[in-house]
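What follows is the content of run.cif, which has mmCIF, C-alpha atoms, pLDDT in the B column; chains and numbers go by the auth columns:
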data_start
loop_
_atom_site.group_PDB
_atom_site.id
_atom_site.type_symbol
_atom_site.label_atom_id
_atom_site.label_comp_id
_atom_site.label_asym_id
_atom_site.label_seq_id
_atom_site.Cartn_x
_atom_site.Cartn_y
_atom_site.Cartn_z
_atom_site.B_iso_or_equiv
_atom_site.auth_seq_id
_atom_site.auth_asym_id
ATOM 1 C CA LEU A 1 0.000 0.000 0.000 91.00 115 A
ATOM 2 C CA ILE A 2 2.805 2.425 0.848 92.00 116 A
ATOM 3 C CA LYS A 3 4.426 1.761 -2.518 90.00 117 A
ATOM 4 C CA ARG A 4 1.095 2.448 -4.256 91.00 118 A
ATOM 5 C CA LEU A 5 0.604 5.684 -2.329 94.00 119 A
ATOM 6 C CA LYS A 6 4.085 6.852 -3.315 93.00 120 A
ATOM 7 C CA LEU A 7 2.988 6.588 -6.973 92.00 121 A
ATOM 8 C CA THR A 8 0.447 9.408 -6.572 94.00 122 A
ATOM 9 C CA LYS A 9 1.241 12.846 -7.926 94.00 123 A
ATOM 10 C CA SER A 10 -0.849 14.803 -5.406 93.00 124 A
ATOM 11 C CA VAL A 11 -0.097 13.276 -1.992 90.00 125 A
ATOM 12 C CA LYS A 12 2.497 15.401 -0.220 87.00 126 A
ATOM 13 C CA GLU A 13 3.036 13.227 2.817 94.00 127 A
ATOM 14 C CA ILE A 14 2.065 9.729 3.926 96.00 128 A
ATOM 15 C CA ILE A 15 1.219 9.289 7.600 97.00 129 A
ATOM 16 C CA ILE A 16 0.171 6.014 9.182 96.00 130 A
ATOM 17 C CA ALA A 17 -2.373 6.374 11.990 96.00 131 A
ATOM 18 C CA THR A 18 -2.245 3.074 13.877 96.00 132 A
ATOM 19 C CA THR A 19 -3.295 1.911 17.320 95.00 133 A
ATOM 20 C CA ASN A 20 -1.591 1.830 20.691 93.00 134 A
ATOM 21 C CA ASN A 21 -1.923 -1.954 20.634 93.00 135 A
ATOM 22 C CA GLU A 22 1.523 -3.566 20.817 93.00 136 A
ATOM 23 C CA LYS A 23 0.410 -6.065 18.145 92.00 137 A
ATOM 24 C CA ASN A 24 0.672 -3.194 15.658 92.00 138 A
ATOM 25 C CA ASP A 25 4.269 -2.283 16.471 93.00 139 A
ATOM 26 C CA GLU A 26 5.367 -4.018 13.257 94.00 140 A
ATOM 27 C CA ILE A 27 3.361 -1.365 11.384 94.00 141 A
ATOM 28 C CA ILE A 28 5.537 1.294 13.043 95.00 142 A
ATOM 29 C CA ASN A 29 8.652 -0.629 11.988 95.00 143 A
ATOM 30 C CA ILE A 30 7.378 -0.671 8.395 94.00 144 A
ATOM 31 C CA ALA A 31 6.733 3.089 8.577 95.00 145 A
ATOM 32 C CA LYS A 32 10.249 3.701 9.874 95.00 146 A
ATOM 33 C CA ARG A 33 11.830 1.520 7.163 94.00 147 A
ATOM 34 C CA SER A 34 9.717 3.327 4.554 94.00 148 A
ATOM 35 C CA LYS A 35 10.725 6.714 5.986 94.00 149 A
ATOM 36 C CA ILE A 36 7.153 7.821 6.564 95.00 150 A
ATOM 37 C CA LYS A 37 5.545 9.404 9.587 97.00 151 A
ATOM 38 C CA TRP A 38 3.333 7.557 11.999 96.00 152 A
ATOM 39 C CA PHE A 39 1.076 8.176 14.973 97.00 153 A
ATOM 40 C CA LYS A 40 -0.367 5.822 17.576 96.00 154 A
ATOM 41 C CA GLY A 41 -3.801 6.357 19.086 95.00 155 A
ATOM 42 C CA SER A 42 -7.008 4.762 20.296 93.00 156 A
ATOM 43 C CA GLU A 43 -7.853 1.322 18.968 92.00 157 A
ATOM 44 C CA LYS A 44 -11.604 1.728 19.510 91.00 158 A
ATOM 45 C CA ASN A 45 -12.083 5.429 18.710 94.00 159 A
ATOM 46 C CA VAL A 46 -10.666 5.722 15.201 95.00 160 A
ATOM 47 C CA LEU A 47 -12.264 9.152 14.755 95.00 161 A
ATOM 48 C CA GLU A 48 -10.292 10.470 17.729 96.00 162 A
ATOM 49 C CA ARG A 49 -7.104 8.791 16.448 96.00 163 A
ATOM 50 C CA VAL A 50 -7.378 10.459 13.035 97.00 164 A
ATOM 51 C CA ILE A 51 -8.161 13.853 14.595 97.00 165 A
ATOM 52 C CA LYS A 52 -5.168 13.587 16.940 97.00 166 A
ATOM 53 C CA THR A 53 -2.961 12.502 14.042 97.00 167 A
ATOM 54 C CA GLY A 54 -4.129 15.462 11.963 97.00 168 A
ATOM 55 C CA LYS A 55 -3.547 17.905 14.807 98.00 169 A
ATOM 56 C CA HIS A 56 -0.139 16.420 15.643 98.00 170 A
ATOM 57 C CA PHE A 57 1.088 16.839 12.067 97.00 171 A
ATOM 58 C CA LYS A 58 -0.771 20.141 11.508 96.00 172 A
ATOM 59 C CA CYS A 59 -2.777 18.779 8.585 96.00 173 A
ATOM 60 C CA LYS A 60 -5.287 21.040 6.876 96.00 174 A
ATOM 61 C CA ASN A 61 -6.752 18.302 4.676 96.00 175 A
ATOM 62 C CA ILE A 62 -6.652 14.541 4.963 97.00 176 A
ATOM 63 C CA VAL A 63 -6.736 11.926 2.222 97.00 177 A
ATOM 64 C CA ARG A 64 -7.811 8.739 3.951 96.00 178 A
ATOM 65 C CA ILE A 65 -6.938 5.352 2.514 96.00 179 A
ATOM 66 C CA THR A 66 -7.582 2.325 4.695 94.00 180 A
ATOM 67 C CA SER A 67 -5.063 -0.479 5.003 92.00 181 A
ATOM 68 C CA ASP A 68 -7.499 -3.027 3.567 93.00 182 A
ATOM 69 C CA CYS A 69 -7.082 -1.354 0.135 93.00 183 A
ATOM 70 C CA PRO A 70 -3.490 -2.403 -0.712 92.00 184 A
ATOM 71 C CA ILE A 71 -3.821 -2.193 -4.503 92.00 185 A
ATOM 72 C CA ILE A 72 -5.639 1.129 -4.736 94.00 186 A
ATOM 73 C CA ASP A 73 -5.162 2.939 -8.034 94.00 187 A
ATOM 74 C CA PRO A 74 -3.002 6.061 -7.470 95.00 188 A
ATOM 75 C CA GLU A 75 -4.829 7.798 -10.336 95.00 189 A
ATOM 76 C CA ILE A 76 -8.113 7.524 -8.420 96.00 190 A
ATOM 77 C CA ILE A 77 -6.467 9.178 -5.419 97.00 191 A
ATOM 78 C CA ASP A 78 -5.145 12.009 -7.593 97.00 192 A
ATOM 79 C CA LEU A 79 -8.577 12.463 -9.206 97.00 193 A
ATOM 80 C CA ALA A 80 -10.241 12.584 -5.777 97.00 194 A
ATOM 81 C CA ILE A 81 -7.793 15.226 -4.541 97.00 195 A
ATOM 82 C CA GLU A 82 -8.254 17.325 -7.684 96.00 196 A
ATOM 83 C CA SER A 83 -12.060 17.050 -7.429 97.00 197 A
ATOM 84 C CA TYR A 84 -11.954 17.996 -3.757 97.00 198 A
ATOM 85 C CA LYS A 85 -9.872 21.090 -4.504 95.00 199 A
ATOM 86 C CA ASN A 86 -12.113 22.133 -7.402 96.00 200 A
ATOM 87 C CA ASN A 87 -15.401 21.757 -5.531 94.00 201 A
ATOM 88 C CA SER A 88 -14.787 23.440 -2.162 89.00 202 A
ATOM 89 C CA CYS A 89 -16.556 20.755 -0.202 95.00 203 A
ATOM 90 C CA ASP A 90 -16.118 19.412 3.324 97.00 204 A
ATOM 91 C CA TYR A 91 -15.967 15.777 2.288 97.00 205 A
ATOM 92 C CA LEU A 92 -15.427 13.883 -0.959 98.00 206 A
ATOM 93 C CA SER A 93 -15.492 10.127 -1.325 97.00 207 A
ATOM 94 C CA ASN A 94 -16.022 7.435 -3.915 96.00 208 A
ATOM 95 C CA THR A 95 -17.728 5.153 -1.372 94.00 209 A
ATOM 96 C CA ILE A 96 -21.052 6.885 -0.708 93.00 210 A
ATOM 97 C CA ILE A 97 -22.630 5.360 -3.796 93.00 211 A
ATOM 98 C CA ARG A 98 -20.269 2.640 -4.961 95.00 212 A
ATOM 99 C CA SER A 99 -19.186 2.819 -8.578 97.00 213 A
ATOM 100 C CA TYR A 100 -15.474 1.943 -8.289 96.00 214 A
ATOM 101 C CA PRO A 101 -14.446 -1.571 -7.189 96.00 215 A
ATOM 102 C CA ASP A 102 -14.409 -2.123 -3.433 96.00 216 A
ATOM 103 C CA GLY A 103 -10.746 -1.637 -2.532 95.00 217 A
ATOM 104 C CA MET A 104 -10.357 1.571 -4.536 96.00 218 A
ATOM 105 C CA ASP A 105 -11.798 3.567 -1.616 97.00 219 A
ATOM 106 C CA VAL A 106 -10.632 7.125 -1.037 97.00 220 A
ATOM 107 C CA GLU A 107 -11.926 9.908 1.179 97.00 221 A
ATOM 108 C CA VAL A 108 -10.744 13.521 1.200 97.00 222 A
ATOM 109 C CA PHE A 109 -11.832 15.919 3.918 97.00 223 A
ATOM 110 C CA SER A 110 -10.653 18.847 5.976 97.00 224 A
ATOM 111 C CA LEU A 111 -9.447 18.318 9.505 97.00 225 A
ATOM 112 C CA LYS A 112 -11.814 21.134 10.447 97.00 226 A
ATOM 113 C CA ALA A 113 -14.819 19.161 9.101 97.00 227 A
ATOM 114 C CA LEU A 114 -13.666 16.021 10.908 97.00 228 A
ATOM 115 C CA ILE A 115 -13.380 17.898 14.209 97.00 229 A
ATOM 116 C CA LYS A 116 -16.855 19.376 13.652 97.00 230 A
ATOM 117 C CA SER A 117 -18.228 15.889 12.908 95.00 231 A
ATOM 118 C CA SER A 118 -16.861 14.570 16.206 94.00 232 A
ATOM 119 C CA LYS A 119 -19.487 16.666 18.003 94.00 233 A
ATOM 120 C CA PHE A 120 -22.132 14.426 16.406 94.00 234 A
ATOM 121 C CA ALA A 121 -20.308 11.170 17.189 90.00 235 A
ATOM 122 C CA LYS A 122 -22.337 9.568 19.963 91.00 236 A
ATOM 123 C CA THR A 123 -22.334 5.860 19.147 89.00 237 A
ATOM 124 C CA THR A 124 -19.576 3.269 18.934 88.00 238 A
ATOM 125 C CA ARG A 125 -20.092 3.153 15.155 89.00 239 A
ATOM 126 C CA ASP A 126 -19.700 6.939 14.919 88.00 240 A
ATOM 127 C CA LYS A 127 -16.337 6.680 16.643 90.00 241 A
ATOM 128 C CA GLU A 128 -15.155 3.504 14.941 92.00 242 A
ATOM 129 C CA TRP A 129 -16.036 4.609 11.385 93.00 243 A
ATOM 130 C CA THR A 130 -14.015 7.776 10.978 93.00 244 A
ATOM 131 C CA THR A 131 -16.265 9.731 8.626 93.00 245 A
ATOM 132 C CA TRP A 132 -19.625 8.214 9.584 93.00 246 A
ATOM 133 C CA SER A 133 -20.731 11.376 11.403 95.00 247 A
ATOM 134 C CA ILE A 134 -20.043 13.447 8.301 95.00 248 A
ATOM 135 C CA LYS A 135 -22.029 11.105 6.049 94.00 249 A
ATOM 136 C CA LYS A 136 -24.897 10.937 8.563 93.00 250 A
ATOM 137 C CA ASN A 137 -25.228 14.738 8.555 94.00 251 A
ATOM 138 C CA PRO A 138 -25.461 15.885 4.918 94.00 252 A
ATOM 139 C CA ASN A 139 -27.319 19.022 6.043 95.00 253 A
ATOM 140 C CA LYS A 140 -24.263 20.113 8.068 96.00 254 A
ATOM 141 C CA PHE A 141 -21.518 19.233 5.558 96.00 255 A
ATOM 142 C CA LYS A 142 -21.043 19.721 1.838 97.00 256 A
ATOM 143 C CA ILE A 143 -20.547 16.157 0.597 97.00 257 A
ATOM 144 C CA ILE A 144 -19.573 14.996 -2.887 96.00 258 A
ATOM 145 C CA ASN A 145 -19.597 11.438 -4.221 96.00 259 A
ATOM 146 C CA LEU A 146 -16.906 10.777 -6.834 97.00 260 A
ATOM 147 C CA VAL A 147 -18.389 8.579 -9.562 96.00 261 A
ATOM 148 C CA ALA A 148 -16.208 6.235 -11.602 96.00 262 A
ATOM 149 C CA PRO A 149 -15.871 6.831 -15.331 93.00 263 A
ATOM 150 C CA ASN A 150 -17.320 3.972 -17.402 93.00 264 A
ATOM 151 C CA ASN A 151 -13.903 2.339 -17.938 92.00 265 A
ATOM 152 C CA LYS A 152 -13.400 2.021 -14.150 91.00 266 A
ATOM 153 C CA LYS A 153 -17.013 1.358 -13.131 95.00 267 A
ATOM 154 C CA TRP A 154 -17.122 -2.040 -11.471 95.00 268 A
ATOM 155 C CA PRO A 155 -18.982 -1.720 -8.152 95.00 269 A
ATOM 156 C CA ASP A 156 -19.406 -5.472 -7.619 94.00 270 A
ATOM 157 C CA LEU A 157 -15.684 -6.279 -7.798 92.00 271 A
ATOM 158 C CA GLY A 158 -14.065 -6.807 -4.392 93.00 272 A
ATOM 159 C CA LEU A 159 -10.365 -5.953 -4.094 94.00 273 A
ATOM 160 C CA THR A 160 -10.084 -5.460 -0.329 94.00 274 A
ATOM 161 C CA LEU A 161 -7.918 -7.441 2.045 95.00 275 A
ATOM 162 C CA ASP A 162 -10.329 -8.748 4.669 93.00 276 A
ATOM 163 C CA GLN A 163 -10.011 -12.545 4.536 93.00 277 A
ATOM 164 C CA TYR A 164 -7.215 -15.024 3.849 96.00 278 A
ATOM 165 C CA GLU A 165 -8.798 -15.769 0.464 94.00 279 A
ATOM 166 C CA ASP A 166 -8.511 -12.057 -0.346 93.00 280 A
ATOM 167 C CA TYR A 167 -4.817 -12.215 0.513 93.00 281 A
ATOM 168 C CA LEU A 168 -4.262 -15.095 -1.914 93.00 282 A
ATOM 169 C CA PHE A 169 -6.198 -13.311 -4.678 92.00 283 A
ATOM 170 C CA LEU A 170 -4.467 -9.952 -4.176 91.00 284 A
ATOM 171 C CA LYS A 171 -1.067 -11.639 -3.955 89.00 285 A
ATOM 172 C CA LYS A 172 -1.608 -13.059 -7.457 89.00 286 A
ATOM 173 C CA ILE A 173 -2.500 -9.602 -8.762 87.00 287 A
ATOM 174 C CA ILE A 174 0.505 -7.954 -7.081 86.00 288 A
ATOM 175 C CA LEU A 175 2.946 -10.610 -8.289 87.00 289 A
ATOM 176 C CA SER A 176 1.650 -10.339 -11.854 87.00 290 A
ATOM 177 C CA PHE A 177 2.569 -6.624 -11.835 79.00 291 A
ATOM 178 C CA LYS A 178 5.799 -7.048 -9.860 67.00 292 A
ATOM 179 C CA GLU A 179 7.905 -4.987 -12.244 45.00 293 A
ATOM 180 C CA ARG A 180 5.926 -1.878 -11.280 50.00 294 A
ATOM 181 C CA PHE A 181 6.946 -2.229 -7.625 46.00 295 A
ATOM 182 C CA ASP A 182 10.705 -2.767 -7.950 41.00 296 A
#

In structure tokens, how does this file's structure come out?
Amino acid sequence: LIKRLKLTKSVKEIIIATTNNEKNDEIINIAKRSKIKWFKGSEKNVLERVIKTGKHFKCKNIVRITSDCPIIDPEIIDLAIESYKNNSCDYLSNTIIRSYPDGMDVEVFSLKALIKSSKFAKTTRDKEWTTWSIKKNPNKFKIINLVAPNNKKWPDLGLTLDQYEDYLFLKKIILSFKERFD
């Protein structure tokens, strides 16, 4: 995933926001080896973790890619960032109404909007799903759904890493394009 993110033209800095759980210390080691920044925070309150990460690194805007999307298309990320900049919105995502394959998920939002959304985060789901409180309050935030062009429209295709079977499938894809990662 880090290698894919480094292929984008628009991302200025990659920051991993992981948990305080010692089981995730290997993620910190990967970040250090990859020379990227990292932050540890709450395991249960992901919203709080992302806000604290954003504040710590003085982020104005955040492009959120989850770790279960290891083969995300860097061009989709660049398109999302460009669309966000051109539309002066609080939140842009390609996941509200799925048109891209699952696993090509990108969200772009301001830290300011995320902090505002935390005031509406009352439930466990609100705190566990980082941008849920934004999506639940479309009357309080300007939200844009990024729709896939016809050549990338494939909403039923699953390319996330959630199960062991996904790992085996994605490994085949990654190995078939190995020359792009060397």

### Task
Find the residue from A:Thr238, A:Thr133, A:Ser124, A:Asn251 that sits nearest to A:Tyr198; use only C-alpha atoms when measuring.
A:Ser124

Between stretch 192-290 of chain A and stretch 150-161 of chain A, at 9 Å or less, what are the per-residue closest atom pairs and their distances in Å? Count all atoms listed in the file, order by chain and rising residue number, and return it as JSON lines.
{"residue": "A:Leu228", "atom": "CA", "partner": "A:Leu161", "partner_atom": "CA", "distance": 8.0}
{"residue": "A:Ile229", "atom": "CA", "partner": "A:Leu161", "partner_atom": "CA", "distance": 8.8}
{"residue": "A:Ser232", "atom": "CA", "partner": "A:Leu161", "partner_atom": "CA", "distance": 7.3}
{"residue": "A:Ala235", "atom": "CA", "partner": "A:Leu161", "partner_atom": "CA", "distance": 8.6}
{"residue": "A:Thr238", "atom": "CA", "partner": "A:Asn159", "partner_atom": "CA", "distance": 7.8}
{"residue": "A:Asp240", "atom": "CA", "partner": "A:Leu161", "partner_atom": "CA", "distance": 7.8}
{"residue": "A:Lys241", "atom": "CA", "partner": "A:Asn159", "partner_atom": "CA", "distance": 4.9}
{"residue": "A:Glu242", "atom": "CA", "partner": "A:Val160", "partner_atom": "CA", "distance": 5.0}
{"residue": "A:Trp243", "atom": "CA", "partner": "A:Val160", "partner_atom": "CA", "distance": 6.7}
{"residue": "A:Thr244", "atom": "CA", "partner": "A:Leu161", "partner_atom": "CA", "distance": 4.4}
{"residue": "A:Thr245", "atom": "CA", "partner": "A:Leu161", "partner_atom": "CA", "distance": 7.3}

### Task
Mind checking which residues fall within 10 Å of stretch 178-191 of chain A, counting only C-alpha atoms, ignoring those fewer than 2 positions away in the same chain, and posting them as an MDAnalysis selection string?
chainID A and resid 115:125 128:132 164 175:176 193:197 207:208 214:223 244:245 260 262 266 272:277 280:281 284:285 287:288

To test the calculation: enclose all listed atoms of stretch 126-131 of chain A in a box whose edges run along x, y and z, add 4 Å on each side, then state centre and edge lengths in Å to one decimal, as JSON.
{"center_x": 0.3, "center_y": 10.7, "center_z": 5.9, "size_x": 13.4, "size_y": 17.4, "size_z": 20.2}

#### Entry: One-decimal distance in Å that lies between atom CA of A:Lys286 and atom CA of A:Pro269
20.8 Å

### Task
Mind giving me the straight-line distance from atom CA of A:Ser231 to atom CA of A:Asp139 in Å, one decimal?
29.1 Å

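Atom pair atom CA of A:Lys126 / atom CA of A:Ala145 has a distance of 15.7 Å (rounded to one decimal).
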
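Using all atoms listed in the file, the shortest contact distance between A:Trp246 and any of A:Ala227, A:Leu289, A:Leu271, A:Ile142 is found at A:Ala227.
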
### Message
As a check of understanding, name the residues that the PyMOL selection byres ((chain A and resi 252-255) around 12) selects in the supplied structure, as a VMD selection string.
### Response
chain A and resid 202 to 206 210 223 to 224 226 to 231 233 to 234 245 to 251 256 to 259
